[in-house]
>>> print(open('final39.csv').read())   # CSV, C-alpha atoms
chain,number,residue,atom,x,y,z
A,4,MET,CA,69.5,218.9,-57.0
A,5,PRO,CA,72.1,219.9,-54.2
A,6,ILE,CA,74.8,217.4,-53.4
A,7,ARG,CA,74.2,215.5,-50.2
A,8,GLU,CA,77.2,214.9,-47.9
A,9,ILE,CA,77.6,211.6,-45.9
A,10,ASP,CA,80.4,211.3,-43.5
A,11,VAL,CA,82.4,208.0,-43.6
A,12,SER,CA,81.7,207.4,-39.9
A,13,ARG,CA,78.1,206.8,-40.7
A,14,ILE,CA,79.0,204.3,-43.3
A,15,SER,CA,81.4,202.5,-40.9
A,16,ALA,CA,78.6,202.3,-38.2
A,17,VAL,CA,76.1,200.8,-40.7
A,18,VAL,CA,78.6,198.2,-42.0
A,19,THR,CA,79.4,197.2,-38.4
A,20,ARG,CA,75.7,196.6,-37.7
A,21,LEU,CA,75.2,194.7,-41.0
A,22,CYS,CA,78.1,192.3,-40.2
A,23,MET,CA,76.4,191.2,-37.0
A,24,THR,CA,72.8,191.3,-38.4
A,25,ALA,CA,73.7,189.1,-41.4
A,26,ASN,CA,75.6,186.6,-39.3
A,27,PHE,CA,73.0,186.3,-36.5
A,28,ASN,CA,69.7,186.5,-38.3
A,29,LEU,CA,68.4,184.4,-41.2
A,30,GLY,CA,66.2,186.4,-43.5
A,31,GLN,CA,62.5,185.7,-43.5
A,32,ASP,CA,62.7,184.8,-47.2
A,33,VAL,CA,65.2,182.1,-46.4
A,34,THR,CA,63.2,180.9,-43.4
A,35,ASP,CA,60.1,180.7,-45.5
A,36,ALA,CA,61.9,178.7,-48.2
A,37,LEU,CA,63.2,176.2,-45.7
A,38,LYS,CA,59.8,175.8,-44.2
A,39,ALA,CA,58.4,175.1,-47.7
A,40,ALA,CA,61.2,172.7,-48.3
A,41,VAL,CA,60.2,170.7,-45.2
A,42,GLU,CA,56.8,170.1,-46.9
A,43,LYS,CA,58.3,169.2,-50.3
A,44,GLU,CA,61.1,167.0,-49.0
A,45,GLU,CA,60.4,163.3,-49.6
A,46,SER,CA,63.1,161.9,-47.3
A,47,PRO,CA,62.4,161.6,-43.6
A,48,LEU,CA,66.0,162.3,-42.8
A,49,GLY,CA,65.9,165.3,-45.1
A,50,ARG,CA,62.9,166.7,-43.3
A,51,GLN,CA,64.6,166.2,-40.0
A,52,ILE,CA,67.7,168.0,-41.2
A,53,LEU,CA,65.7,170.9,-42.6
A,54,SER,CA,63.8,171.2,-39.2
A,55,ALA,CA,67.1,171.3,-37.4
A,56,LEU,CA,68.3,174.1,-39.7
A,57,LEU,CA,65.2,176.1,-38.8
A,58,GLU,CA,65.8,175.5,-35.1
A,59,ASN,CA,69.4,176.6,-35.5
A,60,ALA,CA,68.2,179.9,-37.1
A,61,VAL,CA,65.8,180.5,-34.2
A,62,ILE,CA,68.6,179.9,-31.6
A,63,ALA,CA,71.1,182.1,-33.5
A,64,GLY,CA,68.7,185.0,-33.7
A,65,ARG,CA,67.5,184.7,-30.1
A,66,ASP,CA,70.9,184.4,-28.6
A,67,ARG,CA,72.9,186.5,-31.1
A,68,LEU,CA,75.1,183.7,-32.1
A,69,PRO,CA,76.5,183.0,-35.6
A,70,LEU,CA,74.2,181.0,-37.8
A,71,CYS,CA,77.3,179.1,-39.0
A,72,GLN,CA,80.8,178.7,-37.6
A,73,ASP,CA,82.1,180.0,-41.0
A,74,CYS,CA,81.4,183.7,-40.7
A,75,GLY,CA,82.6,184.2,-44.2
A,76,THR,CA,84.4,186.8,-46.3
A,77,ALA,CA,82.6,190.1,-46.0
A,78,LEU,CA,81.2,190.7,-49.5
A,79,VAL,CA,79.8,194.2,-50.0
A,80,PHE,CA,77.7,195.7,-52.8
A,81,ALA,CA,77.6,199.5,-52.5
A,82,GLU,CA,75.2,201.6,-54.6
A,83,LEU,CA,76.3,205.2,-54.6
A,84,GLY,CA,73.8,207.8,-55.5
A,85,GLN,CA,75.3,210.2,-58.1
A,86,ASP,CA,74.2,213.2,-55.9
A,87,VAL,CA,76.1,212.0,-52.9
A,88,HIS,CA,79.5,213.2,-51.7
A,89,VAL,CA,81.2,211.0,-49.2
A,90,VAL,CA,83.3,213.1,-46.8
A,91,GLY,CA,85.7,212.6,-43.9
A,92,GLY,CA,88.0,210.0,-45.4
A,93,SER,CA,88.2,207.0,-47.8
A,94,LEU,CA,85.1,205.1,-48.5
A,95,ASP,CA,87.1,201.8,-48.9
A,96,ASP,CA,88.7,202.4,-45.5
A,97,ALA,CA,85.3,203.2,-43.9
A,98,ILE,CA,83.7,200.0,-45.1
A,99,GLY,CA,86.8,198.1,-44.0
A,100,GLU,CA,86.6,199.7,-40.5
A,101,GLY,CA,83.0,198.7,-40.3
A,102,VAL,CA,83.9,195.1,-41.1
A,103,ARG,CA,86.7,195.2,-38.6
A,104,GLN,CA,84.5,196.4,-35.8
A,105,GLY,CA,81.5,194.2,-36.7
A,106,TYR,CA,83.6,191.0,-36.6
A,107,ARG,CA,85.3,192.1,-33.3
A,108,GLN,CA,82.1,193.2,-31.5
A,109,GLY,CA,80.1,190.3,-32.7
A,110,TYR,CA,82.9,187.8,-31.8
A,111,LEU,CA,82.6,186.5,-35.4
A,112,ARG,CA,85.3,184.1,-36.8
A,113,LYS,CA,87.9,185.9,-38.8
A,114,SER,CA,88.6,184.0,-42.0
A,115,VAL,CA,90.6,186.3,-44.3
A,116,VAL,CA,94.3,185.5,-44.8
A,117,GLY,CA,97.0,187.5,-46.6
A,118,GLN,CA,99.7,186.2,-48.8
A,119,PRO,CA,97.2,183.7,-50.1
A,120,PHE,CA,99.6,181.4,-52.0
A,121,SER,CA,102.3,181.3,-49.4
A,122,ALA,CA,102.3,182.3,-45.7
A,123,ARG,CA,98.4,182.6,-45.5
A,124,ILE,CA,98.6,184.7,-42.3
A,125,ASN,CA,95.2,185.6,-40.8
A,126,SER,CA,94.5,189.3,-40.9
A,127,GLY,CA,92.9,189.0,-37.4
A,128,ASP,CA,89.9,191.2,-38.2
A,129,ASN,CA,88.4,189.7,-41.4
A,130,THR,CA,89.6,192.6,-43.6
A,131,PRO,CA,89.9,193.5,-46.3
A,132,PRO,CA,86.3,193.0,-47.4
A,133,VAL,CA,85.5,192.4,-51.1
A,134,ILE,CA,83.7,195.5,-52.4
A,135,HIS,CA,81.7,196.1,-55.6
A,136,TYR,CA,80.5,199.7,-56.4
A,137,ASP,CA,77.7,200.9,-58.6
A,138,ILE,CA,76.8,204.5,-59.4
A,139,VAL,CA,73.1,205.0,-59.5
A,140,PRO,CA,70.7,208.0,-59.6
A,141,GLY,CA,69.7,209.6,-56.3
A,142,ASP,CA,71.3,211.0,-53.1
A,143,THR,CA,71.5,207.8,-51.0
A,144,VAL,CA,74.0,205.1,-50.4
A,145,LYS,CA,72.7,201.5,-50.3
A,146,ILE,CA,75.0,198.9,-48.7
A,147,ALA,CA,74.3,195.2,-49.0
A,148,LEU,CA,76.5,192.8,-47.1
A,149,MET,CA,76.9,189.1,-47.5
A,150,PRO,CA,79.1,186.9,-45.3
A,151,LYS,CA,80.2,184.4,-48.0
A,152,GLY,CA,81.2,181.0,-46.6
A,153,GLY,CA,84.2,179.2,-48.1
A,154,GLY,CA,82.6,175.8,-48.7
A,155,ALA,CA,80.0,177.0,-51.1
A,156,GLU,CA,82.4,179.5,-52.7
A,157,ASN,CA,84.9,176.8,-53.4
A,158,ALA,CA,82.4,174.8,-55.3
A,159,SER,CA,81.5,177.7,-57.6
A,160,ARG,CA,82.7,177.7,-61.3
A,161,LEU,CA,83.1,180.0,-64.3
A,162,ALA,CA,82.9,178.8,-67.9
A,163,MET,CA,83.3,180.4,-71.3
A,164,LEU,CA,80.9,178.5,-73.5
A,165,LYS,CA,80.7,178.6,-77.2
A,166,PRO,CA,78.4,181.3,-78.6
A,167,GLY,CA,76.0,178.7,-80.1
A,168,GLU,CA,75.5,176.9,-76.9
A,169,GLY,CA,72.3,177.8,-75.1
A,170,GLU,CA,70.1,176.9,-72.2
A,171,THR,CA,70.6,173.2,-72.4
A,172,THR,CA,74.4,173.6,-72.0
A,173,ILE,CA,74.0,176.1,-69.2
A,174,THR,CA,71.7,173.7,-67.4
A,175,ASP,CA,74.2,170.9,-67.9
A,176,LEU,CA,76.9,173.1,-66.4
A,177,VAL,CA,74.9,174.0,-63.3
A,178,VAL,CA,73.9,170.4,-62.7
A,179,ARG,CA,77.5,169.3,-63.1
A,180,VAL,CA,78.7,171.9,-60.6
A,181,VAL,CA,76.1,171.0,-58.0
A,182,SER,CA,76.7,167.3,-58.6
A,183,GLU,CA,80.5,167.6,-58.1
A,184,ALA,CA,79.9,169.7,-55.0
A,185,GLY,CA,77.7,167.1,-53.4
A,186,GLY,CA,77.3,167.8,-49.7
A,187,THR,CA,80.4,170.0,-49.4
A,188,ALA,CA,78.5,173.2,-50.3
A,189,CYS,CA,75.9,172.6,-47.5
A,190,PRO,CA,72.7,172.2,-49.4
A,191,PRO,CA,69.9,173.0,-49.9
A,192,LEU,CA,71.5,175.7,-52.0
A,193,VAL,CA,70.6,179.0,-53.5
A,194,ILE,CA,72.3,179.0,-57.0
A,195,GLY,CA,73.4,182.3,-58.4
A,196,LEU,CA,73.9,182.4,-62.1
A,197,GLY,CA,75.5,185.1,-64.2
A,198,VAL,CA,75.1,184.8,-68.0
A,199,GLY,CA,76.6,187.0,-70.6
A,200,ALA,CA,78.6,190.3,-70.4
A,201,SER,CA,82.3,189.3,-69.9
A,202,LEU,CA,84.3,186.9,-67.8
A,203,GLU,CA,84.6,189.1,-64.7
A,204,LYS,CA,81.1,190.6,-65.0
A,205,ALA,CA,79.4,187.2,-65.2
A,206,ALA,CA,81.1,186.2,-61.9
A,207,VAL,CA,79.9,189.4,-60.2
A,208,MET,CA,76.4,189.0,-61.6
A,209,ALA,CA,76.2,185.5,-60.2
A,210,LYS,CA,76.9,186.9,-56.7
A,211,GLN,CA,74.5,189.8,-57.2
A,212,ALA,CA,71.8,187.3,-58.0
A,213,LEU,CA,72.2,185.8,-54.6
A,214,MET,CA,71.1,189.0,-53.0
A,215,ARG,CA,67.6,188.6,-54.4
A,216,PRO,CA,64.9,187.4,-52.0
A,217,VAL,CA,65.1,183.6,-52.1
A,218,GLY,CA,62.6,182.1,-54.6
A,219,SER,CA,61.8,185.4,-56.3
A,220,ALA,CA,61.6,185.0,-60.1
A,221,SER,CA,63.4,187.1,-62.6
A,222,GLN,CA,61.3,189.9,-64.1
A,223,ASP,CA,62.3,188.7,-67.5
A,224,GLU,CA,60.0,185.8,-68.5
A,225,GLU,CA,62.6,184.0,-70.5
A,226,VAL,CA,65.1,184.1,-67.7
A,227,ALA,CA,62.4,183.1,-65.1
A,228,GLY,CA,61.6,180.1,-67.2
A,229,MET,CA,65.2,179.0,-67.3
A,230,GLU,CA,65.5,179.5,-63.5
A,231,ARG,CA,62.6,177.1,-63.0
A,232,ARG,CA,63.8,174.5,-65.4
A,233,ILE,CA,67.4,174.5,-63.9
A,234,LEU,CA,66.0,174.2,-60.4
A,235,ALA,CA,63.9,171.2,-61.4
A,236,GLU,CA,66.9,169.4,-62.9
A,237,VAL,CA,69.1,170.2,-59.9
A,238,ASN,CA,66.5,168.7,-57.6
A,239,LYS,CA,66.5,165.5,-59.6
A,240,LEU,CA,70.1,164.8,-58.4
A,241,GLY,CA,68.9,163.4,-55.1
A,242,ILE,CA,71.7,165.0,-53.1
A,243,GLY,CA,69.3,166.5,-50.6
A,244,PRO,CA,69.8,168.5,-47.4
A,245,LEU,CA,73.4,168.5,-46.3
A,246,GLY,CA,74.1,165.8,-48.9
A,247,MET,CA,72.2,163.1,-47.0
A,248,GLY,CA,69.9,162.3,-49.8
A,249,GLY,CA,66.5,163.8,-50.7
A,250,SER,CA,64.4,165.7,-53.2
A,251,VAL,CA,65.4,169.3,-52.1
A,252,THR,CA,69.0,169.9,-53.2
A,253,ALA,CA,68.4,173.6,-54.0
A,254,LEU,CA,65.9,176.2,-52.8
A,255,ALA,CA,66.1,178.5,-55.8
A,256,VAL,CA,68.0,179.5,-58.9
A,257,HIS,CA,68.5,183.2,-59.4
A,258,ALA,CA,70.0,184.4,-62.7
A,259,CYS,CA,71.3,187.7,-64.0
A,260,VAL,CA,71.7,188.0,-67.8
A,261,MET,CA,73.4,190.7,-69.9
A,262,PRO,CA,74.2,191.0,-73.6
A,263,CYS,CA,77.7,189.7,-74.6
A,264,HIS,CA,80.1,189.6,-77.5
A,265,ILE,CA,79.1,187.6,-80.6
A,266,ALA,CA,82.0,185.2,-80.1
A,267,SER,CA,81.4,184.3,-76.4
A,268,LEU,CA,79.0,183.1,-73.8
A,269,PRO,CA,80.3,183.6,-70.3
A,270,VAL,CA,78.5,181.7,-67.6
A,271,ALA,CA,79.3,181.9,-63.8
A,272,VAL,CA,77.7,179.6,-61.2
A,273,ASN,CA,78.0,180.8,-57.7
A,274,LEU,CA,76.7,178.5,-55.0
A,275,GLN,CA,75.3,179.7,-51.7
A,276,CYS,CA,74.7,177.3,-48.8
A,277,HIS,CA,71.4,176.9,-46.9
A,278,SER,CA,72.6,179.7,-44.6
A,279,ALA,CA,71.9,182.4,-47.3
A,280,ARG,CA,72.9,185.3,-45.1
A,281,HIS,CA,72.8,188.9,-46.1
A,282,ALA,CA,71.6,192.3,-44.8
A,283,GLU,CA,71.2,195.7,-46.3
A,284,ALA,CA,70.7,199.3,-45.3
A,285,ILE,CA,70.1,202.7,-47.1
A,286,ILE,CA,71.8,205.8,-45.7
>>> encode(input="final39.csv", output="structure tokens")
Amino acid sequence: MPIREIDVSRISAVVTRLCMTANFNLGQDVTDALKAAVEKEESPLGRQILSALLENAVIAGRDRLPLCQDCGTALVFAELGQDVHVVGGSLDDAIGEGVRQGYRQGYLRKSVVGQPFSARINSGDNTPPVIHYDIVPGDTVKIALMPKGGGAENASRLAMLKPGEGETTITDLVVRVVSEAGGTACPPLVIGLGVGASLEKAAVMAKQALMRPVGSASQDEEVAGMERRILAEVNKLGIGPLGMGGSVTALAVHACVMPCHIASLPVAVNLQCHSARHAEAII
């Protein structure tokens, strides 16, 4: 198969569009999940809050306004086909330029600071983005972009469990993380769970899991069962929409699982707020 060339300018243009699309438009999967939550929610105040979130999504999409004042860190998952040659410059720079233009053109809040443990000076254009690359078969480039808000991100946790600890301990960890977060992570949540592999890979998997359509089950029956059981336990907490009490604290649990070393059991819990924003494109 001949190598296909893609100029970096095309990638920058796509990323620019995705930044605005993700910040302005709540996906149909999230909208459907929120509508279903209105029917499930037992608290009258909770139902009122969920209805307000749905109204907010309509207004944001119609008027091209940010769904949330926190327009997030630009998190990018890029799948590069092994038969693609990116030409015209650096791929990292092209994605960064797309983020820069997207946040400027969309008048999106810039939230990235340099010198994070000292001066914390705002970069002014929300760069650099956080980029994860995967090499896959084919001759296309797939870019998925998530504006990851700080409130839910701050409540996320990573644990190195003992190898003999299993689903019960993982469930207890997730429930504890959500309970400690309370309303600060802006529920109802989507919970990303990375289990296995290694310390850093578990954290990446937990974020990748958030890219799945909300409420879609894992294709692995054992994992899908764990997702359902953890969701049920989380929704017993009574935190409810925006922490105001209720029966819907989370919309979904999405887990990615990989084999790991015999001596370890890494588990990452990455929380996503009710504004579960992401957009993707294939070039």
>>> atom_distance(input="final39.csv", atom1="CA of Val237 (chain A)", atom2="CA of Met149 (chain A)")
23.9 Å
>>> residues_around(input="final39.csv", residues="Ala77 (chain A)", least_positions_apart="3", cutoff="12 Å", atoms="only C-alpha atoms", output="ChimeraX atom specification")
/A:18-19,21-23,25-26,73-74,80,98-103,105-106,111-115,128-135,146-153,280-282
>>> residues_around(input="final39.csv", residues="region 262-274 of chain A", least_positions_apart="5", cutoff="7 Å", atoms="all atoms listed in the file", output="list in words")
Ala155, Glu156, Ala158, Ser159, Arg160, Leu161, Ala162, Met163, Leu164, Lys165, Pro166, Val177, Leu192, Val193, Ile194, Gly195, Leu196, Gly197, Val198, Gly199, Ala200, Ser201, Leu202, Ala205, Ala206, Ala209 and Lys210 of chain A
>>> atom_distance(input="final39.csv", atom1="CA of Glu224 (chain A)", atom2="CA of Glu183 (chain A)")
29.3 Å
>>> atom_distance(input="final39.csv", atom1="CA of Ile14 (chain A)", atom2="CA of Phe27 (chain A)")
20.2 Å
>>> closest_atom_pairs(input="final39.csv", of="region 186-233 of chain A", to="region 43-66 of chain A", cutoff="12 Å", atoms="only C-alpha atoms", output="tab-separated table")
residue	atom	partner	partner_atom	distance
A:Cys189	CA	A:Leu56	CA	11.0
A:Pro190	CA	A:Leu53	CA	9.8
A:Pro191	CA	A:Leu53	CA	8.7
>>> axis_aligned_box(input="final39.csv", around="region 68-78 of chain A", padding_each_side="8 Å", output="JSON")
{"center_x": 79.3, "center_y": 184.7, "center_z": -40.8, "size_x": 26.2, "size_y": 28.0, "size_z": 33.4}
>>> residues_around(input="final39.csv", residues="Gly141 (chain A)", least_positions_apart="5", cutoff="6 Å", atoms="only C-alpha atoms", output="PyMOL selection string")
chain A and resi 84-86
>>> residues_around(input="final39.csv", residues="Ile6 (chain A)", least_positions_apart="5", cutoff="8 Å", atoms="all atoms listed in the file", output="PyMOL selection string")
chain A and resi 86-88+142
>>> residues_around(input="final39.csv", residues="Glu170 (chain A)", least_positions_apart="6", cutoff="10 Å", atoms="all atoms listed in the file", output="PyMOL selection string")
chain A and resi 176+226+229+232-233
>>> residues_near_point(input="final39.csv", point="(76.6, 206.5, -54.7)", cutoff="7 Å", atoms="all atoms listed in the file", output="MDAnalysis selection string")
chainID A and resid 82:85 87 137:139 143:144
>>> write_last_selection(input="final39.csv", atoms="C-alpha atoms", output="mmCIF file, in the frame of the given file")
data_model
loop_
_atom_site.group_PDB
_atom_site.id
_atom_site.type_symbol
_atom_site.label_atom_id
_atom_site.label_comp_id
_atom_site.auth_asym_id
_atom_site.auth_seq_id
_atom_site.Cartn_x
_atom_site.Cartn_y
_atom_site.Cartn_z
ATOM 1 C CA GLU A 82 75.200 201.600 -54.600
ATOM 2 C CA LEU A 83 76.300 205.200 -54.600
ATOM 3 C CA GLY A 84 73.800 207.800 -55.500
ATOM 4 C CA GLN A 85 75.300 210.200 -58.100
ATOM 5 C CA VAL A 87 76.100 212.000 -52.900
ATOM 6 C CA ASP A 137 77.700 200.900 -58.600
ATOM 7 C CA ILE A 138 76.800 204.500 -59.400
ATOM 8 C CA VAL A 139 73.100 205.000 -59.500
ATOM 9 C CA THR A 143 71.500 207.800 -51.000
ATOM 10 C CA VAL A 144 74.000 205.100 -50.400
#
>>> closest_residue(input="final39.csv", among="A:Pro216, A:Ala258, A:Ser121, A:Met247", to="Gly228 (chain A)", atoms="only C-alpha atoms")
A:Ala258
>>> residues_near_point(input="final39.csv", point="(78.7, 164.5, -44.3)", cutoff="12 Å", atoms="all atoms listed in the file", output="list in words")
Ile52, Ala184, Gly185, Gly186, Thr187, Ala188, Cys189, Pro190, Ile242, Gly243, Pro244, Leu245, Gly246, Met247 and Gly248 of chain A
>>> closest_residue(input="final39.csv", among="A:Gln108, A:Ser278, A:Gln72, A:Ser126", to="Val217 (chain A)", atoms="all atoms listed in the file")
A:Ser278
>>> closest_residue(input="final39.csv", among="A:Arg107, A:Gln211, A:Ser219, A:Arg13", to="Gly127 (chain A)", atoms="all atoms listed in the file")
A:Arg107
>>> closest_residue(input="final39.csv", among="A:Ser250, A:Pro5, A:Ile173, A:Ala279", to="Arg215 (chain A)", atoms="all atoms listed in the file")
A:Ala279
>>> closest_residue(input="final39.csv", among="A:Val260, A:Ala227, A:Glu236, A:Leu213", to="Asp175 (chain A)", atoms="all atoms listed in the file")
A:Glu236
